[in-house]
Every structure is written in C-alpha cells, then in structure tokens.
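J.: My questions will all concern the structure given below.
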Amino acid sequence: MFSTYKRDATKMMWQHLGSLLLVLGCLTVAQAEEPFVPQMTVYRDATLMLDLDAVQHEFAAGNGAVTRSPWPTFGFTKDAVWARFVLAGQEQGITRLLELRTARMDEWDWFVVRTNGHIESHATGNMRPPDPALISGRYPLLLVTLAPHEQVEIYVRAYSQTSVHVPLFVWIPEAYVAAQPGKEAFSSGFFGYLLALIILSFVFSLSTSERGFLIYSLSLIGLLINYFIVSGYYAWLAWPGVPFAVHGGTILASESAMWLLLLYLRHFFDMPQSMPRLDRYVILPLLILVPLMTALMLLEPYRVSVQWMLFQALAWGALSLAVSLYAWIKGNRIARFYALAWIFFWILFGAAVAQFQGWLVSPVRPEQQSMLGLAVSVTFFLVAMADRVRQLRDRMQASQIQIIGLERKISENLKDRMNQQQQLLHDLHDGLGGLAANLGVLAEIGRRESTRDTDAERFERLGGLAAEIGSETRSLMNALDVEVLSWADIVVECRRIGDLCLAPHEIVFDCSVEGAPEQAPGLPPLTGISLLRVFKEAVTNVVKHARARRMTVMIRVEPTIMTMTLRDDGIGLGKPHENGRGLRGMAKRIEAMGGTLASMPGPGTEWYITLPLPVKTKNV
C-alpha cells in the first residue's frame, strides 16, 4: 500500500528540494532589477505628537541622521520615525512611483512639499482605511509627478506596533510594471508550495492512516494564514477585519501552528514510549500552556506579543532541534531529517528575527528570509515523515514475515494435535468402547444364567450401564470428530438418547423441531456435548423420579436464539431442598453457555432452556 505514493524518501527529498530551487530562482528574478534607493535623513519622534512643521524645524536644525542602508531598521520601537529625502526633476519633467516595500506598518503618512509651498499629504497603513488617492498594491505606493527642473521634498512618517522599517524605493513607472511578475513570483511560489504540501500531506494522511500527516497539514495551514497576513495580501484584498487580522490573526495563526508542531514532535518521536520523562514534564505541560499564553498575548499590546511570539518560535525550534539530535544519537535514523529542518529554520528565521529587532542589516526583506527558511524546514519535515512511514512499512513487512512464520508453526502444531486427537478417538473407541461392549455381553450372559430374580435384575442393570457407556462414548466421538455440531445432528442425538433411556421403561417419547435450524449457527463440539448432557440429565430425572408415562420435547431454533421445552406427565418437582446436585449442575452448564434454565411446577414438570446464538461459552 505504501509503495503507491512513496518508494524512497531520498527521491522525495530531491524532488522537493528541486521545487525550492525554483522558488530561489524566482527570488533571484525578483531582485534582478532594483529601483533607485534615495539618500534619506531620519528623525525619531518619541512624543508621537510632532507634525510636519515641527519635524521640518528638527531637520533644519540638523537633528536628523543620514541613513546608509537601503533598509533602515529601528526594531520594536515606540517612536514615530520620520524620513526625508529630495526628489529632483529633469529638463522634461518626470513621473516616479514611491514604494514602501513592507506591508506591516500600522500608520504611514506621505508628505510631498513642493517649491511653491504646496503640500500634498496622504495617510495609509493597516490601522487606517485605504486612501483612494494612493495606488492600490500589496505595499504602499505614491505617484509623484514633477515639472521640468522641479525639486520636491518627500517626508514620510512611520509608526507601528510591530518592528519599524523604512525601505523606500523610487521607481520609473514602466520599470515598476515590468518588475511585478518577478517580484510576486517568490511569494506566489512560496504560497503555492505550502498549499501543495498541505494537499499532499492530507492525501498521505488518508492513504496511510498516519495521523502525523494530518497534524503536519493543519500546522502548515496555520503558517500559511500567518504569512498570508504579514505579507500584505490579506489587507491588499480588503478582506474583513484587517486591523484584527494583522495583529490578533497573526498571533492565533502562529500559536496554533506552534502548538500543532509540538503535537507533531510528540507523535513523530513517539515520545510517551521513547522519552516518557521529557513527554510528561516538558511536552505535555507546554501543550497546556500554549493556549493560555495565546490568550494572554491577545490581551497584551501587539508590540510586546509579537516579540514574545518570535522568541517563542525560536525556543520551540531549539527544543525540537535538541529532541531530534538526542533521538539521532540514540539511533533513530529518521531524526536526521527532522534535525536538518530545524537547523535551516534556526539559520534563516533567526536572521529574520535579528533583522526585525534591528540587530542585522540585509538587502533582503526579513519576511523573505523567514519564508525561505520555513519552506526548506517544512520540506524536511515532510521527508522525515515519509521516511518514518517507510520505516513503519519495513517493520510491518518484517512483522508480516514473523506472523507468517508463526502461522506456519501454529499450523504444524495444530496438525500434530489433530493427529493426536484422531489417535485418541481411535483409542477411545477401541479401548473404552470395547470394554463397554464386552461388559454388556458378560452382563447378558450373567442375566441368562442367573437362577435368582435379584441376580438377573442386577445383571440387567449392569448391561444397561454398559450400553449407556457405549452411547456416551459414541456421542463424544461424534462431537469431537467435527468442527461444529449442526442442529440436525443435535436433534438426532436427542432423539437417540430419549429412545434409549425412556423406551425400556415404557415411557412414550416425542421430539419435534420448529423454526429454521438450517439457518442458525451450530454449536462448538464441547458446547454441544454439554447441552446433550443437560438433556440427558433431564431425561434421566424423568426415569428416576417423575413416574411419568409420557415425555415431549419441542426444540425451536431461530438464527439468534434456541428454545428447548421439555414436558412430562409425572408427579412434578419436589420441594426446593429435594432438588439434588443434578438440577444444580444443569443450571450451571446452561449459565456457562450464556443461556437460562427455568421450570414450571405443577402437574407434571416443564423445563425451559434458552440459548442465545451464536453461543459464547465461559466454561462448559
């Protein structure tokens, strides 16, 4: 079954890594044609109260700092960051697109100050309604047209609960349009790749009944939602609840993904059995703690929550890496893929966190680094799970070989036991049956040659006992010689026992059958023998105690129940204390078969035996 979707984990790994190389190629295309990066001066407003006039005075007083990075990063700051640069026209005039290449700013203000003193202002950001004067895009875009030889000052103000970045780029409109397919190729490839992994792992979960694939698929859905929000697509598509989605939505999606990854880790390494102490004292408490921390983070300011969430993701990565390395050292071969997944995650996602914190300057956007790290990591996760399934398949095949060997051995033992049973039946027939026959012959000779009536009566009784022993021997041999006693065989044996026991005492015997015995399940041999012994005990009681002249038996057999009614016209049952061991033994045997035995006192005696079918015996 497993070979239908995977033959070799290494082959799958190279296939997915080939897809990742395609994503990397898209990233290269996206970075191939860069726009103009203006030289900016920045000023940080800790009061959040300064307007454009006040900030212009600060810049004029030389309080701004010149940036040298195309990606000015200020980390998780409570300040509002102002940036200024100059855009100069040419002889024929120009039109330029100003792009803020990040989608995570809560508030973003554009100010265009022209030489004639006219000021254009536009407000945008995730916490504000869209500005219809701005160009619609995943990132904030402003179109600026300059007259010949005109020079304008551009001021921008950025404020956000998340890490503040001011990656401003100036585009020629035609170049911007031409670069869009390449710019979106990386994100499109990333989301398409995640979606393909989600579908593939879900199909695997259905094909293999391996719930690890389902957990993995659900965790990828959480990561997909998180990156769909932080990459700006959610707000760009104007889906409902943007203010909550960019804050609370990222927390819910990320925390649910991390919770599922913990569950995936626990399942992947079978930690309740392989690492019980770590599972009991670390993993299980974390599985309880994560939902509580999620609720707490939703109540905290997003600036605090998102930093805690990033460091928490790194802590989860460190824990998972440590567990995988420990399992690898202990000989778990599939742990190597899991360890590689977290190594890649640590390198690239850690670099993204450092960039968000303002500790690292890089021309590559931080979400691209974390997206690439995630893509590589989840690929190795899937390869690890596929390798785990391969090992389970190998173990299953080894188990099947062992089972086949055990079945062969059991079959041989069963044949030996059957041969022994057949030999026992022959010995029983030749030994006990022969003795009973000889005893009967000797009893008959003694009866004929006896001179006294009392001796003749004793020899006759001895002959009857010999005949009964022979009958019991034949019944036992017939029952043990078949796998299941049919109801037809049981009825024939009941009639034989009734005729053999009652006819010598001139008691009329009648046995009838109703229902559908041919459709009902038969009885196991020992169970059938036990039922016949109960029947024989009832017939013997009629001979010994009932003083009856007639006995009737009605057996009704249905697919799910058997009812046997035994009636005689004798003196009936005595007092309860007069009922001896025979009746108690009958009741115990019927109870052991799961049935019931009841009697109706009065003129004569009526017995009712009911058995549910098929019979499940306890000890007969």
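Residues in the structure tokens are named by chain (A, B, ... in the order shown) and by number from 1 within that chain; ligands are numbered from 1 in the order shown.
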If DSSP is run on the backbone, what residues of region 518-602 of chain A are helix (DSSP H, G or I)? A reply as a PyMOL selection string would be ideal.

T.: chain A and resi 518-519+525-546+576-578+581-592

J.: Using the selection just defined, write its residues with N, CA and C atoms as a short mmCIF file (atom, residue, chain, number, x, y, z; two decimals), in the first residue's frame.

T.:
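Final file, out.cif:
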data_model
loop_
_atom_site.label_atom_id
_atom_site.label_comp_id
_atom_site.auth_asym_id
_atom_site.auth_seq_id
_atom_site.Cartn_x
_atom_site.Cartn_y
_atom_site.Cartn_z
N GLU A 518 -31.68 -24.83 9.98
CA GLU A 518 -30.64 -24.82 8.95
C GLU A 518 -30.01 -23.44 8.77
N GLN A 519 -30.68 -22.36 9.25
CA GLN A 519 -30.14 -21.01 9.13
C GLN A 519 -29.42 -20.55 10.40
N PRO A 525 -18.09 -28.22 19.46
CA PRO A 525 -18.27 -29.61 19.93
C PRO A 525 -18.48 -29.73 21.43
N LEU A 526 -17.61 -29.11 22.23
CA LEU A 526 -17.73 -29.25 23.68
C LEU A 526 -19.02 -28.61 24.19
N THR A 527 -19.43 -27.51 23.58
CA THR A 527 -20.70 -26.87 23.97
C THR A 527 -21.87 -27.78 23.65
N GLY A 528 -21.82 -28.40 22.45
CA GLY A 528 -22.90 -29.33 22.08
C GLY A 528 -22.96 -30.51 23.02
N ILE A 529 -21.79 -31.04 23.42
CA ILE A 529 -21.76 -32.16 24.37
C ILE A 529 -22.38 -31.73 25.70
N SER A 530 -22.05 -30.51 26.14
CA SER A 530 -22.60 -30.02 27.41
C SER A 530 -24.12 -29.90 27.34
N LEU A 531 -24.65 -29.40 26.21
CA LEU A 531 -26.11 -29.30 26.06
C LEU A 531 -26.74 -30.69 26.06
N LEU A 532 -26.12 -31.65 25.41
CA LEU A 532 -26.67 -33.01 25.37
C LEU A 532 -26.64 -33.64 26.75
N ARG A 533 -25.62 -33.31 27.55
CA ARG A 533 -25.58 -33.84 28.91
C ARG A 533 -26.69 -33.26 29.76
N VAL A 534 -27.00 -31.97 29.56
CA VAL A 534 -28.15 -31.38 30.27
C VAL A 534 -29.43 -32.09 29.86
N PHE A 535 -29.56 -32.33 28.54
CA PHE A 535 -30.75 -33.02 28.06
C PHE A 535 -30.84 -34.43 28.64
N LYS A 536 -29.68 -35.12 28.68
CA LYS A 536 -29.69 -36.49 29.21
C LYS A 536 -30.02 -36.51 30.69
N GLU A 537 -29.52 -35.48 31.42
CA GLU A 537 -29.83 -35.40 32.85
C GLU A 537 -31.33 -35.21 33.06
N ALA A 538 -31.95 -34.40 32.20
CA ALA A 538 -33.40 -34.18 32.32
C ALA A 538 -34.17 -35.46 32.03
N VAL A 539 -33.73 -36.22 30.99
CA VAL A 539 -34.39 -37.48 30.66
C VAL A 539 -34.20 -38.49 31.79
N THR A 540 -33.00 -38.54 32.37
CA THR A 540 -32.73 -39.47 33.46
C THR A 540 -33.60 -39.16 34.67
N ASN A 541 -33.80 -37.84 34.94
CA ASN A 541 -34.67 -37.47 36.06
C ASN A 541 -36.09 -37.95 35.85
N VAL A 542 -36.55 -37.91 34.61
CA VAL A 542 -37.90 -38.40 34.33
C VAL A 542 -37.99 -39.89 34.66
N VAL A 543 -36.94 -40.65 34.29
CA VAL A 543 -36.93 -42.09 34.55
C VAL A 543 -36.87 -42.36 36.05
N LYS A 544 -36.03 -41.62 36.77
CA LYS A 544 -35.77 -41.91 38.18
C LYS A 544 -36.84 -41.38 39.11
N HIS A 545 -37.39 -40.20 38.83
CA HIS A 545 -38.20 -39.52 39.84
C HIS A 545 -39.63 -39.17 39.40
N ALA A 546 -39.89 -39.04 38.09
CA ALA A 546 -41.16 -38.42 37.66
C ALA A 546 -42.35 -39.37 37.71
N PRO A 576 -37.85 -27.39 47.03
CA PRO A 576 -36.53 -26.94 46.57
C PRO A 576 -35.38 -27.72 47.18
N HIS A 577 -35.48 -28.09 48.53
CA HIS A 577 -34.34 -28.75 49.15
C HIS A 577 -34.20 -30.19 48.65
N GLU A 578 -35.27 -30.71 48.01
CA GLU A 578 -35.20 -32.07 47.50
C GLU A 578 -34.48 -32.12 46.15
N ARG A 581 -28.00 -32.49 43.28
CA ARG A 581 -26.91 -31.91 42.52
C ARG A 581 -27.18 -31.89 41.02
N GLY A 582 -27.99 -32.84 40.56
CA GLY A 582 -28.27 -32.91 39.12
C GLY A 582 -28.85 -31.62 38.58
N LEU A 583 -29.86 -31.07 39.27
CA LEU A 583 -30.50 -29.84 38.80
C LEU A 583 -29.54 -28.66 38.87
N ARG A 584 -28.74 -28.61 39.96
CA ARG A 584 -27.78 -27.51 40.07
C ARG A 584 -26.73 -27.59 38.96
N GLY A 585 -26.31 -28.82 38.65
CA GLY A 585 -25.33 -28.99 37.56
C GLY A 585 -25.91 -28.59 36.22
N MET A 586 -27.21 -28.91 35.98
CA MET A 586 -27.86 -28.50 34.74
C MET A 586 -27.87 -26.97 34.61
N ALA A 587 -28.26 -26.31 35.72
CA ALA A 587 -28.34 -24.85 35.69
C ALA A 587 -26.98 -24.22 35.43
N LYS A 588 -25.92 -24.76 36.05
CA LYS A 588 -24.57 -24.19 35.86
C LYS A 588 -24.09 -24.35 34.42
N ARG A 589 -24.37 -25.51 33.84
CA ARG A 589 -23.95 -25.73 32.45
C ARG A 589 -24.65 -24.75 31.50
N ILE A 590 -25.95 -24.58 31.67
CA ILE A 590 -26.69 -23.66 30.79
C ILE A 590 -26.21 -22.22 30.99
N GLU A 591 -25.97 -21.84 32.25
CA GLU A 591 -25.47 -20.49 32.52
C GLU A 591 -24.10 -20.27 31.89
N ALA A 592 -23.24 -21.29 31.92
CA ALA A 592 -21.92 -21.18 31.32
C ALA A 592 -22.01 -20.97 29.81
#

J.: Neighbours of Gly62 (chain A) within 12 Å (only C-alpha atoms; same-chain residues fewer than 4 positions away dropped), as a PyMOL selection string?

T.: chain A and resi 41-43+55-58+66

J.: Write to file, as a compact mmCIF listing (two decimals), in the first residue's frame, the residues of the selection just made, with C-alpha atoms.

T.:
# COMPACT_ATOMS: atom_id res chain seq x y z
CA THR A 41 17.69 61.53 6.70
CA VAL A 42 15.64 60.19 9.63
CA TYR A 43 14.39 61.64 12.88
CA VAL A 55 9.71 67.93 12.10
CA GLN A 56 10.91 70.33 9.37
CA HIS A 57 12.37 72.53 12.10
CA GLU A 58 14.14 69.49 13.60
CA VAL A 66 21.66 60.15 7.47

J.: What's the 12 Å shell around Ala322 (chain A), counting only C-alpha atoms, without same-chain residues fewer than 6 positions away, as a list of chain:residue names?

T.: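 Listing them by chain and then by number gives A:Leu265, A:Leu278, A:Ala315, A:Trp316, A:Trp328, A:Ile329, A:Ala335, A:Arg336, A:Tyr338, A:Ala339, A:Leu340, A:Trp342, A:Ile343.
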
J.: Pull C-alpha atoms from the residues just selected and write them as a tab-separated table (two decimals), in the first residue's frame.

T.:
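Result went into again.tsv, see below:
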chain	number	residue	atom	x	y	z
A	265	LEU	CA	7.03	16.42	17.55
A	278	LEU	CA	10.51	14.58	28.65
A	315	ALA	CA	12.58	28.40	21.66
A	316	TRP	CA	10.28	25.81	20.08
A	328	TRP	CA	19.52	10.79	16.39
A	329	ILE	CA	22.28	10.00	18.90
A	335	ALA	CA	15.64	12.08	13.25
A	336	ARG	CA	18.33	13.40	10.91
A	338	TYR	CA	13.92	16.49	11.50
A	339	ALA	CA	17.17	17.95	12.81
A	340	LEU	CA	18.05	19.38	9.38
A	342	TRP	CA	15.22	22.90	12.46
A	343	ILE	CA	18.80	23.80	11.55

J.: List as a list of chain:residue names the protein and nucleic acid residues near region 234-246 of chain A, meaning an atom at most 7 Å away when only C-alpha atoms are counted, but skip any in the same chain fewer than 6 places from it.

T.: A:Asn126, A:Met127, A:Gly137, A:Arg138, A:Phe228

J.: Go ahead and save the residues from that selection, with C-alpha atoms, as a PDB file, in the first residue's frame.

T.:
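The resulting again.pdb:
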ATOM      1  CA  ASN A 126      -3.081  48.670   8.301  1.00  0.00           C
ATOM      2  CA  MET A 127      -4.882  50.505  11.104  1.00  0.00           C
ATOM      3  CA  GLY A 137      -0.863  47.491  -4.166  1.00  0.00           C
ATOM      4  CA  ARG A 138       0.470  44.996  -1.644  1.00  0.00           C
ATOM      5  CA  PHE A 228      -0.621  35.453   4.059  1.00  0.00           C
TER       6      PHE A 228
END

J.: For the strand (DSSP E) assignment from backbone DSSP, which residues of region 18-172 of chain A qualify? Please present them as JSON, numbers by chain.

T.: {"A": [41, 42, 43, 44, 45, 65, 66, 73, 74, 75, 80, 81, 82, 83, 84, 85, 86, 87, 88, 94, 95, 96, 97, 98, 99, 100, 107, 108, 109, 110, 111, 112, 113, 119, 120, 121, 122, 123, 124, 141, 142, 143, 144, 145, 146, 151, 152, 153, 154, 155, 156, 157, 158, 159, 164, 165, 168, 169, 170, 171]}

J.: Have a look at CA of Thr605 (chain A) and CA of Asp489 (chain A) and let me know their distance in Å, one decimal.

T.: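 Between CA of Thr605 (chain A) and CA of Asp489 (chain A) the gap is 26.1 Å.
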
J.: Could you tell me how far CA of Glu99 (chain A) lies from CA of Val306 (chain A), in Å and to one decimal?

T.: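 For CA of Glu99 (chain A) relative to CA of Val306 (chain A), the distance reads 24.9 Å.
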
J.: Just the number, please: distance in Å from CA of Thr145 (chain A) to CA of Ser69 (chain A), one decimal.

T.: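 Separation of CA of Thr145 (chain A) and CA of Ser69 (chain A): 25.8 Å.
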
J.: Hey, what's within 8 Å of region 34-39 of chain A if we count only C-alpha atoms and toss same-chain stuff fewer than 4 positions away? As a list in words, please?

T.: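 In the requested format, the answer is Val66, Thr67, Arg68, Pro70, Phe85, Val86, Leu168, Phe169, Val170, Trp171 and Ile172 of chain A.
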
J.: Can you pull out every residue within 9 Å of Thr124 (chain A), counting only C-alpha atoms, but drop anything in the same chain fewer than 3 positions away, and send it as a PDB file with N, CA and C atoms, in the first residue's frame?

T.:
ATOM      1  N   MET A 105       3.296  48.136   8.403  1.00  0.00           N
ATOM      2  CA  MET A 105       3.199  49.386   9.155  1.00  0.00           C
ATOM      3  C   MET A 105       1.746  49.668   9.535  1.00  0.00           C
ATOM      4  N   ASP A 106       1.531  50.011  10.803  1.00  0.00           N
ATOM      5  CA  ASP A 106       0.180  50.374  11.244  1.00  0.00           C
ATOM      6  C   ASP A 106      -0.232  51.738  10.705  1.00  0.00           C
ATOM      7  N   GLU A 107       0.705  52.706  10.742  1.00  0.00           N
ATOM      8  CA  GLU A 107       0.418  54.060  10.260  1.00  0.00           C
ATOM      9  C   GLU A 107       1.557  54.491   9.340  1.00  0.00           C
ATOM     10  N   TRP A 108       1.187  55.068   8.205  1.00  0.00           N
ATOM     11  CA  TRP A 108       2.182  55.535   7.231  1.00  0.00           C
ATOM     12  C   TRP A 108       1.634  56.809   6.581  1.00  0.00           C
ATOM     13  N   ASP A 109       2.393  57.910   6.710  1.00  0.00           N
ATOM     14  CA  ASP A 109       1.961  59.208   6.173  1.00  0.00           C
ATOM     15  C   ASP A 109       2.974  59.690   5.135  1.00  0.00           C
ATOM     16  N   TRP A 110       2.431  60.136   3.965  1.00  0.00           N
ATOM     17  CA  TRP A 110       3.258  60.739   2.912  1.00  0.00           C
ATOM     18  C   TRP A 110       3.046  62.255   2.935  1.00  0.00           C
ATOM     19  N   MET A 127      -3.897  50.079  10.112  1.00  0.00           N
ATOM     20  CA  MET A 127      -4.882  50.505  11.104  1.00  0.00           C
ATOM     21  C   MET A 127      -5.748  51.652  10.609  1.00  0.00           C
ATOM     22  N   ARG A 128      -5.656  51.937   9.308  1.00  0.00           N
ATOM     23  CA  ARG A 128      -6.424  53.037   8.728  1.00  0.00           C
ATOM     24  C   ARG A 128      -7.184  52.550   7.505  1.00  0.00           C
ATOM     25  N   PRO A 129      -8.232  53.247   7.164  1.00  0.00           N
ATOM     26  CA  PRO A 129      -8.937  52.878   5.927  1.00  0.00           C
ATOM     27  C   PRO A 129      -8.079  53.219   4.710  1.00  0.00           C
ATOM     28  N   PRO A 130      -8.250  52.514   3.595  1.00  0.00           N
ATOM     29  CA  PRO A 130      -7.440  52.782   2.398  1.00  0.00           C
ATOM     30  C   PRO A 130      -7.648  54.211   1.893  1.00  0.00           C
ATOM     31  N   ASP A 131      -6.566  54.804   1.423  1.00  0.00           N
ATOM     32  CA  ASP A 131      -6.620  56.146   0.826  1.00  0.00           C
ATOM     33  C   ASP A 131      -6.864  55.978  -0.670  1.00  0.00           C
ATOM     34  N   LEU A 134      -4.134  56.916  -3.306  1.00  0.00           N
ATOM     35  CA  LEU A 134      -2.922  56.122  -3.471  1.00  0.00           C
ATOM     36  C   LEU A 134      -3.178  54.972  -4.435  1.00  0.00           C
ATOM     37  N   PRO A 140       2.494  50.055   0.184  1.00  0.00           N
ATOM     38  CA  PRO A 140       2.052  51.441  -0.068  1.00  0.00           C
ATOM     39  C   PRO A 140       2.795  52.057  -1.260  1.00  0.00           C
TER      40      PRO A 140
END

J.: Which one of A:Gly182, A:Pro272, A:Gly232, A:Gly75 sits closest to Tyr159 (chain A) if you count only C-alpha atoms?

T.: A:Gly75

J.: A:Pro285, A:Glu210, A:Arg549, A:Ala196: which is nearest Val378 (chain A), counting only C-alpha atoms?

T.: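 Checking each of A:Pro285, A:Glu210, A:Arg549, A:Ala196 against Val378 (chain A), counting only C-alpha atoms, the winner is A:Ala196.
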